[in-house]
file coords10.csv (CSV, C-alpha atoms)
chain,number,residue,atom,x,y,z
A,29,MET,CA,0.0,0.0,0.0
A,30,PRO,CA,2.7,2.6,0.8
A,31,GLN,CA,4.1,2.0,-2.7
A,32,THR,CA,1.0,3.7,-4.1
A,33,PHE,CA,2.1,7.1,-2.7
A,34,ARG,CA,5.7,6.9,-3.8
A,35,LYS,CA,6.9,8.9,-6.7
A,36,ASP,CA,3.5,10.5,-6.9
A,37,PRO,CA,3.9,13.6,-9.2
A,38,LEU,CA,1.3,15.5,-7.2
A,39,LEU,CA,3.2,15.1,-4.0
A,40,ALA,CA,6.5,16.0,-5.7
A,41,PHE,CA,4.9,19.1,-7.1
A,42,ALA,CA,3.3,20.0,-3.8
A,43,GLN,CA,6.7,19.7,-2.0
A,44,LEU,CA,8.2,21.9,-4.6
A,45,VAL,CA,5.6,24.6,-4.3
A,46,VAL,CA,5.5,24.4,-0.5
A,47,GLY,CA,9.3,24.5,-0.4
A,48,ALA,CA,9.3,27.6,-2.6
A,49,LEU,CA,6.7,29.2,-0.3
A,50,ILE,CA,8.8,28.5,2.8
A,51,GLY,CA,11.6,30.4,1.1
A,52,LEU,CA,9.3,33.2,0.0
A,53,PHE,CA,7.9,33.6,3.6
A,54,ALA,CA,11.5,33.6,5.0
A,55,PHE,CA,12.6,36.2,2.4
A,56,ALA,CA,9.6,38.4,3.0
A,57,GLY,CA,10.1,38.2,6.7
A,58,ILE,CA,13.8,39.2,6.4
A,59,ILE,CA,12.9,42.1,4.1
A,60,VAL,CA,10.2,43.4,6.4
A,61,ALA,CA,12.6,43.0,9.4
A,62,ILE,CA,15.2,45.1,7.6
A,63,GLY,CA,12.4,47.6,6.7
A,64,LEU,CA,11.4,47.7,10.4
A,65,GLY,CA,15.0,48.4,11.4
A,66,ALA,CA,15.2,51.2,8.9
A,67,VAL,CA,11.9,52.7,9.9
A,68,ALA,CA,12.9,52.6,13.5
A,69,THR,CA,16.3,54.2,12.9
A,70,VAL,CA,17.5,55.9,9.7
A,71,GLN,CA,14.2,56.3,8.0
A,72,ARG,CA,12.4,57.6,11.0
A,73,ASP,CA,12.2,61.3,9.9
A,74,TYR,CA,11.3,60.3,6.4
A,75,VAL,CA,8.3,58.2,7.7
A,76,PHE,CA,7.2,61.0,10.0
A,77,ALA,CA,7.3,63.5,7.1
A,78,LYS,CA,5.2,61.1,4.9
A,79,LEU,CA,2.7,60.6,7.7
A,80,VAL,CA,2.3,64.3,8.3
A,81,ALA,CA,1.9,64.9,4.5
A,82,ALA,CA,-0.9,62.3,4.5
A,83,GLY,CA,-2.6,64.0,7.3
A,84,ILE,CA,-2.0,61.2,9.8
A,85,PRO,CA,-1.2,62.1,13.4
A,86,GLU,CA,2.3,61.5,14.7
A,87,ALA,CA,1.1,58.6,16.8
A,88,GLY,CA,0.6,56.8,13.4
A,89,TYR,CA,4.4,56.2,13.5
A,90,VAL,CA,4.0,53.7,16.4
A,91,ALA,CA,1.1,52.1,14.4
A,92,VAL,CA,3.5,51.7,11.4
A,93,LEU,CA,6.1,50.0,13.7
A,94,VAL,CA,3.5,47.7,15.2
A,95,GLY,CA,2.1,47.0,11.8
A,96,LEU,CA,5.6,45.9,10.6
A,97,VAL,CA,6.1,43.7,13.6
A,98,LEU,CA,2.7,42.1,12.9
A,99,ILE,CA,3.7,41.5,9.3
A,100,ILE,CA,6.9,39.8,10.5
A,101,MET,CA,4.8,37.6,12.8
A,102,LEU,CA,2.5,36.9,9.9
A,103,THR,CA,5.4,35.8,7.7
A,104,ALA,CA,6.8,33.7,10.5
A,105,LEU,CA,3.4,32.0,11.0
A,106,GLY,CA,3.1,31.5,7.2
A,107,GLY,CA,6.6,29.9,7.1
A,108,LEU,CA,5.7,27.6,10.1
A,109,PHE,CA,2.5,26.6,8.4
A,110,MET,CA,4.3,25.7,5.2
A,111,ARG,CA,7.0,23.8,7.1
A,112,GLU,CA,4.3,21.7,8.8
A,113,LEU,CA,2.6,21.2,5.4
A,114,PHE,CA,6.0,20.2,3.9
A,115,ARG,CA,6.6,17.6,6.6
A,116,LEU,CA,3.0,16.3,6.3
A,117,VAL,CA,3.4,15.8,2.5
A,118,GLY,CA,6.8,14.1,3.2
A,119,SER,CA,5.1,11.6,5.6
A,120,VAL,CA,2.5,10.9,2.9
A,121,GLU,CA,5.3,10.2,0.4
A,122,LYS,CA,6.9,7.8,2.9
A,123,GLY,CA,3.6,5.9,2.9
A,124,ASP,CA,2.9,6.2,6.6
A,125,PRO,CA,0.8,9.4,7.2
A,126,PHE,CA,-1.6,8.1,9.9
A,127,GLN,CA,0.7,8.9,12.8
A,128,PRO,CA,-0.1,10.8,16.0
A,129,PHE,CA,2.5,13.5,15.2
A,130,ASN,CA,0.6,14.3,12.0
A,131,ALA,CA,-2.6,14.8,14.0
A,132,ASP,CA,-0.6,17.2,16.2
A,133,ARG,CA,0.8,18.8,13.1
A,134,LEU,CA,-2.7,19.5,11.6
A,135,ARG,CA,-3.9,20.8,15.0
A,136,ARG,CA,-1.0,23.2,15.1
A,137,MET,CA,-1.8,24.3,11.5
A,138,GLY,CA,-5.3,25.0,12.6
A,139,TRP,CA,-4.2,27.2,15.5
A,140,ASN,CA,-1.7,28.8,13.2
A,141,THR,CA,-4.5,29.8,10.8
A,142,VAL,CA,-6.5,31.2,13.7
A,143,ALA,CA,-3.5,33.2,14.9
A,144,SER,CA,-2.7,34.5,11.4
A,145,HIS,CA,-6.3,35.6,11.0
A,146,MET,CA,-6.2,37.5,14.3
A,147,ILE,CA,-3.0,39.3,13.2
A,148,LEU,CA,-4.8,40.2,9.9
A,149,PHE,CA,-7.6,41.6,12.0
A,150,ALA,CA,-5.1,43.7,14.0
A,151,LEU,CA,-3.5,44.9,10.7
A,152,ALA,CA,-6.9,45.8,9.4
A,153,ALA,CA,-7.5,47.8,12.5
A,154,ILE,CA,-4.3,49.7,12.1
A,155,ALA,CA,-5.1,50.4,8.4
A,156,HIS,CA,-8.5,51.4,9.5
A,157,SER,CA,-7.0,54.0,11.8
A,158,PHE,CA,-5.1,55.5,8.8
A,159,GLY,CA,-8.4,56.0,7.0
A,160,GLY,CA,-7.0,55.9,3.5
A,161,TYR,CA,-7.0,52.2,3.2
A,162,ARG,CA,-10.3,51.7,4.9
A,163,GLU,CA,-12.4,51.0,1.9
A,164,ALA,CA,-9.9,48.5,0.5
A,165,LEU,CA,-9.8,46.5,3.8
A,166,LEU,CA,-13.5,46.6,4.4
A,167,ALA,CA,-14.3,45.4,0.9
A,168,GLU,CA,-16.3,42.2,0.4
A,169,ASP,CA,-13.1,40.3,-0.5
A,170,ALA,CA,-11.7,40.9,3.0
A,171,THR,CA,-14.9,39.5,4.5
A,172,LEU,CA,-14.7,36.5,2.2
A,173,ALA,CA,-11.0,35.9,3.1
A,174,GLY,CA,-12.0,36.0,6.7
A,175,PHE,CA,-14.6,33.4,6.2
A,176,SER,CA,-12.2,31.2,4.1
A,177,ALA,CA,-9.6,31.4,6.9
A,178,LEU,CA,-12.2,30.3,9.5
A,179,LEU,CA,-13.3,27.5,7.2
A,180,LEU,CA,-9.7,26.4,6.7
A,181,ALA,CA,-9.0,26.4,10.4
A,182,LEU,CA,-12.2,24.3,10.9
A,183,ILE,CA,-11.1,21.8,8.2
A,184,LEU,CA,-7.6,21.5,9.7
A,185,PHE,CA,-9.1,20.8,13.2
A,186,ILE,CA,-11.4,18.1,11.7
A,187,LEU,CA,-8.5,16.6,9.7
A,188,ALA,CA,-6.5,16.5,12.9
A,189,ARG,CA,-9.2,14.4,14.5
A,190,VAL,CA,-9.4,12.2,11.4
A,191,PHE,CA,-5.7,11.6,11.5
A,192,ARG,CA,-5.8,10.8,15.2
A,193,VAL,CA,-8.6,8.2,14.7
A,194,GLY,CA,-6.6,6.9,11.7
A,195,ALA,CA,-3.5,6.6,13.8
A,196,GLU,CA,-5.4,4.7,16.5
A,197,MET,CA,-6.9,2.3,14.0
A,198,ARG,CA,-3.5,1.8,12.5
A,199,SER,CA,-2.1,1.1,15.9
A,200,GLU,CA,-4.8,-1.5,16.5
A,201,LEU,CA,-3.9,-3.3,13.3
A,202,GLU,CA,-0.2,-3.5,14.2
A,203,GLY,CA,0.8,-7.0,15.0
A,204,THR,CA,-2.1,-8.5,12.9
A,205,VAL,CA,-1.1,-11.3,10.7
B,25,MET,CA,0.1,-14.5,27.0
B,26,ALA,CA,-3.2,-16.4,27.5
B,27,ILE,CA,-3.5,-17.5,23.9
B,28,ILE,CA,-0.7,-19.8,22.8
B,29,VAL,CA,0.0,-20.7,19.1
B,30,LYS,CA,0.9,-24.3,18.4
B,31,LEU,CA,2.0,-23.8,14.9
B,32,ASP,CA,5.4,-25.5,15.6
B,33,ASP,CA,3.8,-28.7,16.6
B,34,ARG,CA,1.5,-28.9,13.6
B,35,LEU,CA,4.4,-28.0,11.2
B,36,TYR,CA,6.4,-30.8,12.7
B,37,GLU,CA,3.6,-33.3,12.3
B,38,LYS,CA,3.2,-32.3,8.7
B,39,ARG,CA,7.0,-32.2,8.1
B,40,MET,CA,6.7,-28.7,6.7
B,41,THR,CA,9.1,-25.8,7.2
B,42,LEU,CA,7.9,-22.3,8.1
B,43,THR,CA,9.3,-21.0,4.8
B,44,GLU,CA,7.3,-23.5,2.9
B,45,LEU,CA,4.1,-22.7,4.7
B,46,ALA,CA,4.7,-19.0,4.2
B,47,GLU,CA,4.9,-19.6,0.4
B,48,ARG,CA,1.7,-21.8,0.4
B,49,VAL,CA,-0.4,-19.4,2.4
B,50,ASP,CA,1.0,-16.3,0.7
B,51,ILE,CA,2.1,-14.6,3.9
B,52,THR,CA,5.6,-13.1,4.5
B,53,LEU,CA,7.9,-15.3,6.5
B,54,ALA,CA,8.4,-12.4,8.9
B,55,ASN,CA,4.6,-12.3,9.7
B,56,LEU,CA,4.4,-16.0,10.0
B,57,SER,CA,7.3,-16.0,12.3
B,58,ILE,CA,5.6,-13.3,14.5
B,59,LEU,CA,2.6,-15.7,14.7
B,60,LYS,CA,4.7,-18.7,15.5
B,61,THR,CA,6.6,-17.0,18.3
B,62,GLY,CA,3.3,-15.7,19.9
B,63,LYS,CA,4.1,-12.1,19.2
B,64,ALA,CA,1.1,-11.4,17.1
B,65,LYS,CA,-1.7,-9.3,18.5
B,66,ALA,CA,-4.4,-10.5,16.2
B,67,ILE,CA,-4.9,-13.0,13.4
B,68,ARG,CA,-7.2,-12.5,10.3
B,69,PHE,CA,-9.7,-15.2,9.6
B,70,SER,CA,-8.3,-15.3,6.1
B,71,THR,CA,-4.8,-16.2,7.5
B,72,LEU,CA,-6.3,-18.7,9.8
B,73,GLU,CA,-8.3,-20.3,7.0
B,74,ALA,CA,-5.2,-20.5,4.8
B,75,ILE,CA,-3.1,-22.1,7.5
B,76,CYS,CA,-5.8,-24.6,8.4
B,77,ARG,CA,-6.2,-25.5,4.7
B,78,GLU,CA,-2.5,-26.1,4.2
B,79,LEU,CA,-1.9,-27.9,7.4
B,80,ASP,CA,-5.2,-29.8,7.2
B,81,CYS,CA,-6.3,-28.9,10.7
B,82,GLN,CA,-8.8,-27.0,12.7
B,83,PRO,CA,-8.3,-23.6,14.3
B,84,GLY,CA,-8.3,-25.3,17.7
B,85,ASP,CA,-5.3,-27.4,16.6
B,86,LEU,CA,-3.3,-24.2,16.2
B,87,LEU,CA,-4.5,-22.0,19.1
B,88,ALA,CA,-5.1,-22.8,22.7
B,89,TYR,CA,-6.1,-20.8,25.8
B,90,GLN,CA,-3.8,-21.1,28.7
B,91,THR,CA,-4.7,-20.0,32.2
B,92,HIS,CA,-1.9,-18.6,34.3

call {"tool": "encode", "arguments": {"input": "coords10.csv", "output": "structure tokens"}}
result
Amino acid sequence: MPQTFRKDPLLAFAQLVVGALIGLFAFAGIIVAIGLGAVATVQRDYVFAKLVAAGIPEAGYVAVLVGLVLIIMLTALGGLFMRELFRLVGSVEKGDPFQPFNADRLRRMGWNTVASHMILFALAAIAHSFGGYREALLAEDATLAGFSALLLALILFILARVFRVGAEMRSELEGTV
Amino acid sequence: MAIIVKLDDRLYEKRMTLTELAERVDITLANLSILKTGKAKAIRFSTLEAICRELDCQPGDLLAYQTH
């Protein structure tokens, strides 16, 4: 039975895409971290000037810093999510996915989705305080994205249960001849 | 273990090796060895049926319940 999964082109493609996304999240995180460093130090006056020109109070500077920290957290969570997915796909490729650690992995991915969505809410609140981006963030797409994230989290939690039951059933079958 | 497997006795009576039985019942030698040494947790009816057919015996000839 495990042979069925081996050399599956879909799994190979998934690992390639997920691997690339891990790299992309890491790259984005590093770039934003550099940006945060710049905004907090050498670009501080420039950002202040831009905020004043846009009619945003000076307190908006703190909101920009917080926003950048949240984006870094978001990229970290995205990278962790992809790493879990990469390892999950790897275990399927090995032909033995119904293991308790995969159930734990899916549960972590579910919580990761919830946490990411909460960060997105916080980012939306910051953008809302700036006013200019308000319409864009309150558009129907954002609501739909929120619903999709909730649905994804729910699916991941259910899948975690499915994998746990699968692992228990597999454990029961061990030693059967 | 309360259930004991008497596969060895039956193989001896039939003058058959474990390897030969494994080939006849289409089960890996490793799995049959697990059964023979009493390390198996469960046995499928299909496996039991195949072994009984090849060794010309009843399930009771292969398994026994032993009180401690």

call {"tool": "residues_around", "arguments": {"input": "coords10.csv", "residues": "range 36-53 of chain B", "least_positions_apart": "6", "cutoff": "12 Å", "atoms": "all atoms listed in the file", "output": "MDAnalysis selection string"}}
result
(chainID A and resid 204:205) or (chainID B and resid 30 59:61 67:68 70:81 85)

call {"tool": "closest_residue", "arguments": {"input": "coords10.csv", "among": "B:Ile58, B:Ala26, B:Leu86, B:Ala66", "to": "chain A", "atoms": "only C-alpha atoms"}}
result
B:Ala66

call {"tool": "interface_residues", "arguments": {"input": "coords10.csv", "of": "chain A", "to": "chain B", "cutoff": "12 Å", "atoms": "all atoms listed in the file", "output": "JSON, numbers by chain"}}
result
{"A": [199, 200, 201, 202, 203, 204, 205]}

call {"tool": "residues_near_point", "arguments": {"input": "coords10.csv", "point": "(-3.1, 9.0, 11.4)", "cutoff": "12 Å", "atoms": "only C-alpha atoms", "output": "ChimeraX atom specification"}}
result
/A:116,119-120,123-134,187-200

call {"tool": "atom_distance", "arguments": {"input": "coords10.csv", "atom1": "CA of Ile100 in chain A", "atom2": "CA of Val80 in chain A"}}
result
25.0 Å
